Amino acid sequence: MKNFIRNSHLETIDHLEDEATRAYLARDFERSSHLFDRILVMEPNSPEGLGIRWLRACSHEHGYAPGGINLTKALFDYKSLANKPQLASITPEACLGTARVLIKIDARENAKEAKIYALRALKEFNDPRAMEMLGQICSQGEGDFDRAKEWYWKAFKAGSPFGLKGVALVLLKEKKVWRSVAASAGFLLSYPILLSISVARISERAEGSHWKGPFPREP
């Protein structure tokens with residue numbers, strides 16, 4: 001009897017997860033938000049629940065929720081995931097999401113905390129996007145343009161398609177216009193190849209996870 005109840009419960013979660021992800025990808029954010037909350041009440045720590053929490057964080061960060069952008073709620077969910085390293089495909093996303101939202105809230109005030117999460121994504125998961133994030137933190141939060149360019153160059157050399165774009169933006173802030181243009185041109189030329197490599201790496205992590213839903217992404 002207990003097994004029957006448990007199996008029925010799992011079937012319910014599976015159904016709700018499918019409905020939630022379909023609604024999210026169809027941009028029915030009112031319904032997806034309601035289903036996200038319902039699933040997280042029922043199974044907050046299951047692999048499915050962790051994946052849904054990532055989608056809810058994303059929805060709050062980017063405004064894919066009835067109330068629009070809510071960085072406070074996004075930060076709560078990202079931090080919750082970052083402190084529960086149960087899925088290799090989710091934890092680096094959560095660390096980077098936490099750092100990104102902290103910078104969006106107040107780059108200078110939150111630079112130190114944001115750097116902790118970005119460095120964790122780099123050291124524990126060797127994610128080149130963490131180098132991009134560190135470049136952004138140095139540029140926007142600390143005003144250290146030289147260090148920012150170093151991180152962006154490292155990201156580019158590690159295969160990130162946005163490393164050169166970061167370099168170009170910093171050069172523009174330094175009023176080095178022609179060098180910025182050159183870096184931007186390099187970004188545009190290398191983007192298709194490097195993007196395909198980056199997507200392949202992310203897909204590999206997703207395939208190794210226990211969450212069977214779509215890998216968290218913007219709809």
# chains A, B, ... in the order shown; residues from 1 in each chain; ligands from 1

call {"tool": "closest_atom_pairs", "arguments": {"of": "range 64-116 of chain A", "to": "range 134-147 of chain A", "cutoff": "12 Å", "atoms": "only C-alpha atoms", "output": "Markdown table"}}
result
| residue | atom | partner | partner_atom | distance |
| --- | --- | --- | --- | --- |
| A:Leu96 | CA | A:Leu134 | CA | 9.9 |
| A:Ala99 | CA | A:Ile137 | CA | 8.6 |
| A:Arg100 | CA | A:Ile137 | CA | 8.8 |
| A:Val101 | CA | A:Ile137 | CA | 11.3 |
| A:Leu102 | CA | A:Ile137 | CA | 9.8 |
| A:Ile103 | CA | A:Ile137 | CA | 7.1 |
| A:Lys104 | CA | A:Gln140 | CA | 9.8 |
| A:Ile105 | CA | A:Gly141 | CA | 11.0 |
| A:Asp106 | CA | A:Gly141 | CA | 8.1 |
| A:Ala107 | CA | A:Gly141 | CA | 4.4 |
| A:Arg108 | CA | A:Gly141 | CA | 4.1 |
| A:Glu109 | CA | A:Gly141 | CA | 7.4 |
| A:Asn110 | CA | A:Gly141 | CA | 7.4 |
| A:Ala111 | CA | A:Gly141 | CA | 5.1 |
| A:Lys112 | CA | A:Gly141 | CA | 8.4 |
| A:Glu113 | CA | A:Ile137 | CA | 10.1 |
| A:Ala114 | CA | A:Ile137 | CA | 7.4 |
| A:Lys115 | CA | A:Leu134 | CA | 6.5 |
| A:Ile116 | CA | A:Leu134 | CA | 9.6 |

call {"tool": "select_by_dssp", "arguments": {"residues": "range 49-167 of chain A", "states": "alpha helix (DSSP H)", "output": "number ranges by chain"}}
result
A: 49-62, 71-82, 91-125, 128-136, 145-157, 163-167

call {"tool": "atom_distance", "arguments": {"atom1": "CA of Ser80 in chain A", "atom2": "CA of Gly97 in chain A"}}
result
11.1 Å

call {"tool": "residues_around", "arguments": {"residues": "range 71-78 of chain A", "least_positions_apart": "5", "cutoff": "12 Å", "atoms": "only C-alpha atoms", "output": "number ranges by chain"}}
result
A: 36-37, 40, 44, 49-65, 83-85, 90-106, 114, 117
